[in-house]
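*Asks:* Contents of protein35.pdb (PDB, C-alpha atoms):
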```pdb
ATOM      1  CA  MET Y   1      53.865  85.625 -25.862  1.00  0.00           C
ATOM      2  CA  ALA Y   2      56.709  87.733 -27.242  1.00  0.00           C
ATOM      3  CA  LEU Y   3      60.448  87.160 -27.480  1.00  0.00           C
ATOM      4  CA  ILE Y   4      62.026  89.641 -25.053  1.00  0.00           C
ATOM      5  CA  VAL Y   5      65.754  90.264 -24.581  1.00  0.00           C
ATOM      6  CA  ALA Y   6      66.981  92.402 -21.693  1.00  0.00           C
ATOM      7  CA  ASP Y   7      70.435  93.458 -20.531  1.00  0.00           C
ATOM      8  CA  ARG Y   8      72.056  92.285 -17.298  1.00  0.00           C
ATOM      9  CA  VAL Y   9      69.573  89.588 -16.323  1.00  0.00           C
ATOM     10  CA  GLN Y  10      71.022  86.994 -13.958  1.00  0.00           C
ATOM     11  CA  GLU Y  11      69.607  84.824 -11.202  1.00  0.00           C
ATOM     12  CA  THR Y  12      70.676  81.705  -9.381  1.00  0.00           C
ATOM     13  CA  THR Y  13      69.007  78.327  -9.062  1.00  0.00           C
ATOM     14  CA  THR Y  14      69.466  75.106  -7.141  1.00  0.00           C
ATOM     15  CA  THR Y  15      67.078  73.212  -9.426  1.00  0.00           C
ATOM     16  CA  THR Y  16      68.206  69.706 -10.332  1.00  0.00           C
ATOM     17  CA  GLY Y  17      67.285  67.565 -13.304  1.00  0.00           C
ATOM     18  CA  SER Y  18      66.214  68.528 -16.796  1.00  0.00           C
ATOM     19  CA  GLY Y  19      62.936  70.289 -16.148  1.00  0.00           C
ATOM     20  CA  THR Y  20      61.728  73.796 -15.491  1.00  0.00           C
ATOM     21  CA  VAL Y  21      64.117  75.951 -13.453  1.00  0.00           C
ATOM     22  CA  VAL Y  22      62.938  77.633 -10.257  1.00  0.00           C
ATOM     23  CA  LEU Y  23      64.694  80.991 -10.129  1.00  0.00           C
ATOM     24  CA  GLY Y  24      66.223  82.030  -6.806  1.00  0.00           C
ATOM     25  CA  GLY Y  25      66.426  85.786  -7.199  1.00  0.00           C
ATOM     26  CA  ALA Y  26      68.602  88.310  -8.969  1.00  0.00           C
ATOM     27  CA  VAL Y  27      72.343  88.381  -8.414  1.00  0.00           C
ATOM     28  CA  ILE Y  28      73.529  91.685  -6.943  1.00  0.00           C
ATOM     29  CA  GLY Y  29      73.980  94.217  -9.736  1.00  0.00           C
ATOM     30  CA  PHE Y  30      71.666  92.370 -12.123  1.00  0.00           C
ATOM     31  CA  GLN Y  31      67.957  92.338 -12.952  1.00  0.00           C
ATOM     32  CA  SER Y  32      65.686  89.377 -12.332  1.00  0.00           C
ATOM     33  CA  PHE Y  33      63.915  87.541 -15.148  1.00  0.00           C
ATOM     34  CA  ALA Y  34      60.755  89.420 -14.090  1.00  0.00           C
ATOM     35  CA  VAL Y  35      61.880  92.131 -16.532  1.00  0.00           C
ATOM     36  CA  ILE Y  36      61.066  89.652 -19.336  1.00  0.00           C
ATOM     37  CA  GLY Y  37      57.400  89.625 -18.342  1.00  0.00           C
ATOM     38  CA  ASN Y  38      55.060  86.763 -17.587  1.00  0.00           C
ATOM     39  CA  ALA Y  39      54.613  84.179 -20.376  1.00  0.00           C
ATOM     40  CA  ASN Y  40      57.235  85.812 -22.620  1.00  0.00           C
ATOM     41  CA  THR Y  41      60.157  83.907 -24.076  1.00  0.00           C
ATOM     42  CA  THR Y  42      63.821  84.817 -23.817  1.00  0.00           C
ATOM     43  CA  TYR Y  43      67.274  83.472 -24.510  1.00  0.00           C
ATOM     44  CA  TYR Y  44      68.944  81.848 -21.510  1.00  0.00           C
ATOM     45  CA  THR Y  45      72.153  80.212 -20.413  1.00  0.00           C
ATOM     46  CA  ILE Y  46      72.488  77.975 -17.364  1.00  0.00           C
ATOM     47  CA  VAL Y  47      75.993  77.352 -16.032  1.00  0.00           C
ATOM     48  CA  ASP Y  48      77.079  74.943 -13.307  1.00  0.00           C
ATOM     49  CA  THR Y  49      80.708  75.943 -12.842  1.00  0.00           C
ATOM     50  CA  ALA Y  50      81.336  73.258 -10.212  1.00  0.00           C
ATOM     51  CA  ALA Y  51      80.296  70.463 -12.573  1.00  0.00           C
ATOM     52  CA  GLY Y  52      81.493  72.154 -15.767  1.00  0.00           C
ATOM     53  CA  THR Y  53      78.086  71.821 -17.407  1.00  0.00           C
ATOM     54  CA  TRP Y  54      76.103  74.444 -19.287  1.00  0.00           C
ATOM     55  CA  GLU Y  55      73.135  74.852 -21.566  1.00  0.00           C
ATOM     56  CA  THR Y  56      71.983  77.642 -23.848  1.00  0.00           C
ATOM     57  CA  GLY Y  57      68.554  78.015 -25.399  1.00  0.00           C
ATOM     58  CA  ILE Y  58      65.216  79.746 -25.340  1.00  0.00           C
ATOM     59  CA  GLY Y  59      62.736  79.484 -22.503  1.00  0.00           C
ATOM     60  CA  THR Y  60      59.512  80.934 -21.145  1.00  0.00           C
ATOM     61  CA  TYR Y  61      59.401  82.993 -17.953  1.00  0.00           C
ATOM     62  CA  THR Y  62      56.463  82.425 -15.601  1.00  0.00           C
ATOM     63  CA  ALA Y  63      55.898  84.973 -12.825  1.00  0.00           C
ATOM     64  CA  SER Y  64      53.896  82.580 -10.655  1.00  0.00           C
ATOM     65  CA  GLY Y  65      56.555  80.514  -8.948  1.00  0.00           C
ATOM     66  CA  THR Y  66      59.260  82.524 -10.738  1.00  0.00           C
ATOM     67  CA  THR Y  67      60.250  79.799 -13.158  1.00  0.00           C
ATOM     68  CA  LEU Y  68      61.944  79.508 -16.520  1.00  0.00           C
ATOM     69  CA  SER Y  69      60.971  76.630 -18.758  1.00  0.00           C
ATOM     70  CA  ARG Y  70      63.668  75.245 -21.022  1.00  0.00           C
ATOM     71  CA  ASP Y  71      61.776  75.107 -24.319  1.00  0.00           C
ATOM     72  CA  THR Y  72      64.493  74.743 -26.958  1.00  0.00           C
ATOM     73  CA  VAL Y  73      68.162  73.931 -26.364  1.00  0.00           C
ATOM     74  CA  TYR Y  74      70.553  75.386 -28.947  1.00  0.00           C
ATOM     75  CA  ALA Y  75      73.795  74.032 -27.479  1.00  0.00           C
ATOM     76  CA  ASN Y  76      75.206  72.453 -24.337  1.00  0.00           C
ATOM     77  CA  SER Y  77      78.373  71.162 -22.697  1.00  0.00           C
ATOM     78  CA  SER Y  78      77.681  67.676 -24.058  1.00  0.00           C
ATOM     79  CA  GLY Y  79      77.958  68.953 -27.623  1.00  0.00           C
ATOM     80  CA  ASN Y  80      74.329  68.378 -28.576  1.00  0.00           C
ATOM     81  CA  THR Y  81      70.903  69.996 -28.203  1.00  0.00           C
ATOM     82  CA  SER Y  82      69.506  67.880 -25.372  1.00  0.00           C
ATOM     83  CA  LEU Y  83      68.482  69.226 -21.989  1.00  0.00           C
ATOM     84  CA  ILE Y  84      71.300  68.923 -19.446  1.00  0.00           C
ATOM     85  CA  ASN Y  85      70.430  66.887 -16.356  1.00  0.00           C
ATOM     86  CA  PHE Y  86      71.832  69.306 -13.780  1.00  0.00           C
ATOM     87  CA  GLY Y  87      73.033  67.977 -10.447  1.00  0.00           C
ATOM     88  CA  SER Y  88      72.753  69.581  -7.035  1.00  0.00           C
ATOM     89  CA  GLY Y  89      74.435  72.850  -6.186  1.00  0.00           C
ATOM     90  CA  LEU Y  90      74.203  76.482  -7.157  1.00  0.00           C
ATOM     91  CA  LYS Y  91      73.944  77.389 -10.833  1.00  0.00           C
ATOM     92  CA  SER Y  92      73.855  80.729 -12.672  1.00  0.00           C
ATOM     93  CA  VAL Y  93      70.969  81.468 -15.013  1.00  0.00           C
ATOM     94  CA  PHE Y  94      71.368  84.489 -17.226  1.00  0.00           C
ATOM     95  CA  GLY Y  95      69.592  86.052 -20.147  1.00  0.00           C
ATOM     96  CA  GLY Y  96      70.580  88.221 -23.051  1.00  0.00           C
ATOM     97  CA  LEU Y  97      72.083  87.371 -26.395  1.00  0.00           C
ATOM     98  CA  ALA Y  98      73.613  84.126 -25.224  1.00  0.00           C
ATOM     99  CA  TYR Y  99      73.066  82.389 -28.522  1.00  0.00           C
ATOM    100  CA  VAL Y 100      73.260  85.000 -31.233  1.00  0.00           C
ATOM    101  CA  ARG Y 101      74.559  82.628 -33.893  1.00  0.00           C
ATOM    102  CA  HIS Y 102      71.248  80.769 -34.271  1.00  0.00           C
ATOM    103  CA  GLU Y 103      69.312  83.894 -35.170  1.00  0.00           C
ATOM    104  CA  ILE Y 104      72.121  85.266 -37.320  1.00  0.00           C
ATOM    105  CA  LYS Y 105      72.282  82.143 -39.455  1.00  0.00           C
ATOM    106  CA  ARG Y 106      68.544  82.358 -39.975  1.00  0.00           C
ATOM    107  CA  ALA Y 107      69.014  85.902 -41.266  1.00  0.00           C
ATOM    108  CA  ASP Y 108      71.482  84.607 -43.886  1.00  0.00           C
ATOM    109  CA  LEU Y 109      74.209  87.114 -43.083  1.00  0.00           C
ATOM    110  CA  ALA Y 110      77.639  86.850 -44.610  1.00  0.00           C
ATOM    111  CA  GLU Y 111      79.967  84.384 -42.900  1.00  0.00           C
ATOM    112  CA  GLU Y 112      82.329  87.207 -41.882  1.00  0.00           C
ATOM    113  CA  GLN Y 113      79.497  88.916 -39.988  1.00  0.00           C
ATOM    114  CA  VAL Y 114      78.633  85.672 -38.232  1.00  0.00           C
ATOM    115  CA  MET Y 115      82.254  85.209 -37.160  1.00  0.00           C
ATOM    116  CA  VAL Y 116      82.493  88.765 -35.799  1.00  0.00           C
ATOM    117  CA  LEU Y 117      79.299  88.377 -33.794  1.00  0.00           C
ATOM    118  CA  GLN Y 118      80.382  84.950 -32.504  1.00  0.00           C
ATOM    119  CA  SER Y 119      83.623  86.513 -31.320  1.00  0.00           C
ATOM    120  CA  GLN Y 120      81.689  89.266 -29.550  1.00  0.00           C
ATOM    121  CA  MET Y 121      79.416  86.660 -27.947  1.00  0.00           C
ATOM    122  CA  VAL Y 122      82.388  84.663 -26.618  1.00  0.00           C
ATOM    123  CA  SER Y 123      83.903  87.871 -25.264  1.00  0.00           C
ATOM    124  CA  LEU Y 124      80.664  88.719 -23.440  1.00  0.00           C
ATOM    125  CA  GLN Y 125      80.408  85.221 -21.990  1.00  0.00           C
ATOM    126  CA  LYS Y 126      84.011  85.437 -20.713  1.00  0.00           C
ATOM    127  CA  GLN Y 127      83.313  88.825 -19.129  1.00  0.00           C
ATOM    128  CA  HIS Y 128      80.220  87.376 -17.492  1.00  0.00           C
ATOM    129  CA  ALA Y 129      82.157  84.417 -16.084  1.00  0.00           C
ATOM    130  CA  ASP Y 130      84.722  86.740 -14.493  1.00  0.00           C
TER     131      ASP Y 130
END
```
Would you mind writing the structure in this file as C-alpha cells?

*Replies:*
Amino acid sequence: MALIVADRVQETTTTTGSGTVVLGGAVIGFQSFAVIGNANTTYYTIVDTAAGTWETGIGTYTASGTTLSRDTVYANSSGNTSLINFGSGLKSVFGGLAYVRHEIKRADLAEEQVMVLQSQMVSLQKQHAD
C-alpha cells in the first residue's frame, strides 16, 4: 500500500452517511481513481455544493466495487476532523494535493513557504470549483 497522488482525478458519488464512498465514474475530462491503483492511499476531497459541506483527507482506493475509504480526515466544513455525514444528492470526489498543508508542516518548512503553498492550494480549489 503506497501513497499515490495523480493529477486531474475526479469522480462523482451519491453515497450518503459517513462511511466508504462508492465512486460513480470519472467526470468528463478527468481520470478515475483507478489511476491510484488498488489498495493504495491518496489524498481526497469530497464536496457537496448543494449542502455546502466538504471533507478533505486521505483514503484507500479499492478496485472491487470502486470505492474510496475515508481513513483520516484532515479538515471539514464543520471546522474539525470528524467524518462528514453526507446527505443525499450528487457530490464531487477529487484527488490530488487537496491538503498540502498537513504534509508541509510535517516537513518543518519555513512559515513563508507554508503560506505560499496554502495560497496555491486555495487557488487550485477555486479553479476546480469553477

*Asks:* Please indicate the distance in Å from atom CA of Y:Ala26 to atom CA of Y:Thr67, rounded to one decimal place.

*Replies:*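 Rounded to one decimal, the two atoms are 12.6 Å apart.
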
*Asks:* Could you please determine the separation between atom CA of Y:Tyr74 and atom CA of Y:Val9 in Å, to one decimal place?

*Replies:*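 Atom-to-atom, atom CA of Y:Tyr74 and atom CA of Y:Val9 are spaced 19.0 Å apart.
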
*Asks:* So which residues get picked by the PyMOL selection byres ((chain Y and resi 49) around 10) here, written as a list in words?

*Replies:*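 In the shown coordinates, the PyMOL selection byres ((chain Y and resi 49) around 10) covers Ile46, Val47, Asp48, Ala50, Ala51, Gly52, Thr53, Trp54, Gly89, Leu90, Lys91, Ser92 and Ala129 of chain Y.
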
*Asks:* Selected by the PyMOL selection byres ((chain Y and resi 7) around 10) in the shown coordinates: which residues, as a list in words?

*Replies:*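 Answer for the PyMOL selection byres ((chain Y and resi 7) around 10): Val5, Ala6, Arg8, Val9, Gln10, Phe30, Gln31, Val35, Phe94, Gly95, Gly96 and Leu97 of chain Y.
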
*Asks:* Under the rule that all atoms listed in the file are counted, which of Y:Ala2, Y:Asn38, Y:Thr16, Y:Phe86 is the nearest residue to Y:Ala63?

*Replies:*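 Selected residue with least distance to Y:Ala63: Y:Asn38.
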
*Asks:* Determine the residue set returned by the PyMOL selection byres ((chain Y and resi 22) around 7) for the present structure, and present it as a list of chain:residue names.

*Replies:*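 Here the PyMOL selection byres ((chain Y and resi 22) around 7) matches Y:Thr13, Y:Thr15, Y:Thr20, Y:Val21, Y:Leu23, Y:Gly24, Y:Thr66, Y:Thr67, Y:Leu68.
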
*Asks:* Within 8 Å of (56.0, 84.5, -23.5) (coordinates as in the file), grab all the protein and nucleic acid residues, counting all atoms listed in the file, and write them out as a PyMOL selection string.

*Replies:* chain Y and resi 1-3+37-42+60-61

*Asks:* I need the chosen residues saved as a short mmCIF file (atom, residue, chain, number, x, y, z; two decimals), in the frame of the given file, with C-alpha atoms.

*Replies:*
```cif
data_model
loop_
_atom_site.label_atom_id
_atom_site.label_comp_id
_atom_site.auth_asym_id
_atom_site.auth_seq_id
_atom_site.Cartn_x
_atom_site.Cartn_y
_atom_site.Cartn_z
CA MET Y 1 53.86 85.62 -25.86
CA ALA Y 2 56.71 87.73 -27.24
CA LEU Y 3 60.45 87.16 -27.48
CA GLY Y 37 57.40 89.62 -18.34
CA ASN Y 38 55.06 86.76 -17.59
CA ALA Y 39 54.61 84.18 -20.38
CA ASN Y 40 57.24 85.81 -22.62
CA THR Y 41 60.16 83.91 -24.08
CA THR Y 42 63.82 84.82 -23.82
CA THR Y 60 59.51 80.93 -21.14
CA TYR Y 61 59.40 82.99 -17.95
#
```

*Asks:* Pick the closest to Y:Val93 from Y:Tyr44, Y:Ser18, Y:Ala75, Y:Gly25: which is it, counting only C-alpha atoms?

*Replies:*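 Of the candidates, the smallest distance to Y:Val93 is held by Y:Tyr44.
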
*Asks:* Ranking Y:Gly79, Y:Thr12, Y:Asn85, Y:Phe33 by minimum distance to Y:Thr62 and counting all atoms listed in the file, which one comes first?

*Replies:*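 Once distances to Y:Thr62 are computed over all atoms listed in the file, the minimum belongs to Y:Phe33.
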
*Asks:* Extending 4 Å beyond the listed atoms of stretch 15-27 of chain Y on each side, what axis-aligned box results? I want centre and edge lengths in Å to one decimal, as lines of an AutoDock Vina configuration file.

*Replies:*
```
center_x = 67.0
center_y = 78.0
center_z = -11.8
size_x = 18.6
size_y = 28.8
size_z = 18.0
```

*Asks:* Quick one, how far is atom CA of Y:Gly57 from atom CA of Y:Tyr43?

*Replies:*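 It comes out at 5.7 Å.
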
*Asks:* Go through Y:Arg70, Y:Ala34, Y:Thr56, Y:Ser78 and flag the residue nearest Y:Gly17, using all atoms listed in the file for the distances.

*Replies:* Y:Arg70

*Asks:* Let me make sure I understand: among Y:Ser88, Y:Thr14, Y:Ser77, Y:Ser32, which one has the smallest atom-to-atom distance to Y:Glu55 if we use all atoms listed in the file?

*Replies:*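 Nearest candidate to Y:Glu55 out of Y:Ser88, Y:Thr14, Y:Ser77, Y:Ser32: Y:Ser77.
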